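Structure file query_2.txt (compact mmCIF, C-alpha atoms) follows.
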# COMPACT_ATOMS: atom_id res chain seq x y z
CA MET G 39 -75.90 -148.99 -84.82
CA ILE G 40 -75.89 -151.85 -82.34
CA THR G 41 -78.87 -152.55 -80.16
CA SER G 42 -79.27 -154.96 -77.34
CA ALA G 43 -82.45 -155.90 -75.49
CA ARG G 44 -82.64 -157.67 -72.14
CA ARG G 45 -85.23 -158.36 -69.55
CA VAL G 46 -83.82 -157.69 -66.09
CA SER G 47 -86.54 -159.70 -64.36
CA ALA G 48 -89.78 -161.38 -65.40
CA ASP G 49 -91.93 -158.69 -63.83
CA LYS G 50 -89.97 -155.76 -65.41
CA PRO G 51 -90.25 -154.58 -69.00
CA GLU G 52 -87.46 -155.22 -71.48
CA VAL G 53 -84.54 -152.73 -71.46
CA GLN G 54 -82.99 -151.72 -74.76
CA ILE G 55 -79.52 -150.23 -75.15
CA ALA G 56 -78.39 -148.69 -78.43
CA PHE G 57 -75.03 -147.25 -79.41
CA SER G 58 -73.16 -146.41 -82.56
CA LEU G 59 -69.65 -147.38 -83.61
CA ASP G 60 -69.40 -144.53 -86.11
CA GLU G 61 -65.85 -143.20 -85.78
CA THR G 62 -65.59 -139.47 -86.13
CA SER G 63 -62.09 -138.10 -86.70
CA GLU G 64 -61.85 -136.83 -83.11
CA LEU G 65 -62.72 -140.21 -81.66
CA LYS G 66 -60.40 -142.03 -84.03
CA ASP G 67 -57.53 -139.67 -83.11
CA ALA G 68 -58.19 -140.30 -79.44
CA GLU G 69 -57.84 -144.04 -79.99
CA ASP G 70 -54.41 -143.67 -81.58
CA PRO G 71 -51.53 -144.81 -79.38
CA LEU G 72 -51.43 -142.57 -76.36
CA PRO G 73 -48.50 -140.18 -76.24
CA SER G 74 -46.02 -140.69 -73.44
CA PHE G 75 -44.35 -137.90 -71.48
CA PRO G 76 -41.82 -139.62 -69.18
CA ASP G 77 -40.00 -136.35 -68.41
CA LEU G 78 -43.18 -134.67 -67.29
CA GLU G 79 -44.11 -134.58 -63.60
CA GLN G 80 -46.99 -136.88 -62.73
CA ARG G 81 -49.23 -133.96 -61.80
CA LEU G 82 -48.71 -132.48 -65.28
CA GLN G 83 -49.42 -135.67 -67.25
CA PRO G 84 -52.41 -135.46 -69.61
CA VAL G 85 -55.49 -137.20 -68.19
CA LEU G 86 -57.13 -139.65 -70.57
CA PRO G 87 -60.22 -138.19 -72.18
CA CYS G 88 -63.76 -139.35 -71.91
CA ARG G 89 -64.00 -140.65 -75.47
CA SER G 90 -67.70 -140.00 -75.73
CA LEU G 91 -67.27 -136.23 -75.21
CA LYS G 92 -65.75 -134.15 -78.00
CA GLU G 93 -64.81 -131.42 -75.52
CA SER G 94 -62.89 -133.92 -73.40
CA ILE G 95 -61.01 -135.15 -76.45
CA GLU G 96 -60.18 -131.56 -77.48
CA VAL G 97 -58.95 -130.74 -73.98
CA TYR G 98 -56.83 -133.90 -74.04
CA LYS G 99 -55.37 -133.03 -77.45
CA ASN G 100 -54.57 -129.50 -76.29
CA HIS G 101 -53.00 -130.84 -73.11
CA CYS G 102 -50.83 -133.27 -75.15
CA LYS G 103 -49.82 -130.42 -77.46
CA MET G 104 -48.87 -128.26 -74.48
CA ALA G 105 -46.99 -131.18 -72.90
CA ASN G 106 -44.99 -131.59 -76.14
CA GLU G 107 -44.26 -127.88 -76.24
CA PHE G 108 -43.27 -127.97 -72.56
CA ASN G 109 -40.86 -130.84 -73.25
CA GLN G 110 -39.36 -128.96 -76.19
CA VAL G 111 -38.91 -125.82 -74.09
CA LYS G 112 -37.46 -127.86 -71.23
CA HIS G 113 -34.91 -129.49 -73.58
CA GLU G 114 -34.09 -126.13 -75.15
CA ILE G 115 -33.51 -124.64 -71.69
CA ALA G 116 -31.18 -127.53 -70.82
CA ARG G 117 -29.31 -127.06 -74.11
CA LEU G 118 -29.01 -123.31 -73.49
CA GLU G 119 -27.80 -123.88 -69.92
CA ASP G 120 -25.10 -126.23 -71.27
CA ARG G 121 -24.11 -123.59 -73.81
CA LYS G 122 -24.08 -120.96 -71.05
CA MET G 123 -21.66 -123.12 -69.05
CA GLU G 124 -19.44 -123.53 -72.12
CA LEU G 125 -19.44 -119.78 -72.71
CA MET G 126 -18.71 -119.06 -69.05
CA ALA G 127 -15.73 -121.44 -69.21
CA GLU G 128 -14.53 -119.69 -72.38
CA LEU G 129 -14.97 -116.31 -70.72
CA LEU G 130 -12.94 -117.45 -67.72
CA GLU G 131 -10.17 -118.66 -70.06
CA ASP G 132 -10.30 -115.36 -71.96
CA GLU G 133 -10.09 -113.39 -68.70
CA LYS G 134 -7.06 -115.46 -67.61
CA ALA G 135 -5.44 -114.89 -71.01
CA SER G 136 -6.22 -111.16 -70.79
CA MET G 137 -4.68 -110.95 -67.32
CA GLU G 138 -1.59 -112.85 -68.54
CA PHE G 139 -1.35 -110.54 -71.55
CA ALA G 140 -1.56 -107.46 -69.30
CA ARG G 141 1.12 -108.93 -67.00
CA LEU G 142 3.39 -109.62 -69.96
CA GLU G 143 2.82 -106.13 -71.36
CA GLU G 144 3.81 -104.62 -68.01
CA GLU G 145 6.85 -106.89 -67.79
CA TYR G 146 7.83 -105.88 -71.34
CA ARG G 147 7.43 -102.18 -70.48
CA ILE G 148 9.63 -102.57 -67.39
CA LEU G 149 12.29 -104.57 -69.25
CA THR G 150 12.28 -102.08 -72.14
CA GLU G 151 12.82 -99.20 -69.70
CA GLU G 152 15.56 -101.15 -67.94
CA ASN G 153 17.17 -101.89 -71.30
CA ARG G 154 17.14 -98.17 -72.23
CA ASN G 155 18.71 -97.34 -68.87
CA LEU G 156 21.38 -99.99 -69.36
CA ILE G 157 22.12 -98.75 -72.88
CA THR G 158 22.45 -95.20 -71.53
CA VAL G 159 24.74 -96.33 -68.69
CA HIS G 160 26.79 -98.43 -71.14
CA SER G 161 27.13 -95.48 -73.47
CA GLN G 162 28.19 -93.22 -70.56
CA ARG G 163 30.73 -95.77 -69.32
CA ALA G 164 32.08 -96.22 -72.83
CA GLN G 165 32.57 -92.44 -73.08
CA GLN G 166 34.23 -92.36 -69.66
CA LEU G 167 36.51 -95.21 -70.69
CA GLU G 168 37.44 -93.43 -73.90
CA THR G 169 38.08 -90.23 -71.97
CA LEU G 170 40.30 -92.14 -69.50
CA ARG G 171 42.23 -93.74 -72.39
CA VAL G 172 42.84 -90.37 -73.94
CA ILE G 173 44.00 -88.94 -70.61
CA SER G 174 46.14 -92.02 -70.02
CA GLN G 175 47.75 -91.73 -73.47
CA LYS G 176 48.42 -88.04 -72.93
CA ARG G 177 50.13 -88.79 -69.61
CA GLN G 178 52.21 -91.56 -71.14
CA GLY G 179 53.09 -89.34 -74.05
CA SER G 180 54.08 -86.46 -71.85
CA SER G 181 56.26 -88.53 -69.62
For this file, write the structure as structure tokens.
Amino acid sequence: MITSARRVSADKPEVQIAFSLDETSELKDAEDPLPSFPDLEQRLQPVLPCRSLKESIEVYKNHCKMANEFNQVKHEIARLEDRKMELMAELLEDEKASMEFARLEEEYRILTEENRNLITVHSQRAQQLETLRVISQKRQGSS
């Protein structure tokens, strides 16, 4: 306990002031280096506590805790938004690939049908050619 006594003027009585430097854990914690929240808006920054009031120190500690949690949530939101953008880009690529796959499937179906038609026509023409050869050989043989 520290005490100090002073006489303000000769006609006034002596004034004594007494205070204690006992450091309770709350006061000691409040004197630790002050946390910094550079990403936090000025209006949301924790206000320094009145170190002589336990309630003020508790409010300050709670505010700092909430500010830390807010920063963590803010960073998590930013990370999730980045991931969302990555996933959206992947989805766009997948949709393009799906559309290309569907286009190629349709092209394959059309070409397969055309190939069947060409094989059928080729087979018919081959039969016609064989028939014409037979007819031609019969005519040459009969003449």
Subject >> Distance of CA of Gln80 in chain G from CA of Val111 in chain G, expressed in Å to one decimal place >> reply: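 Spanning CA of Val111 in chain G to CA of Gln80 in chain G is a straight-line distance of 17.8 Å.
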**OP:** For CA of Val85 in chain G and CA of His101 in chain G, quote the distance in Å rounded to one decimal.
**Re:**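 Those two atoms sit 8.4 Å apart.
Note that the spacing between CA of Lys103 in chain G and CA of Glu119 in chain G amounts to 24.2 Å.
Here the question is which of G:Leu86, G:Leu142, G:Met137, G:Ala116 gets nearest to Cys102 in chain G using all atoms listed in the file, and that residue is G:Leu86.
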Original post:
Could you pull the residues within 12 Å of Pro84 in chain G, counting only C-alpha atoms, minus those fewer than 4 positions along the same chain, as a PyMOL selection string?
Top reply: chain G and resi 72-76+78-80+94-106
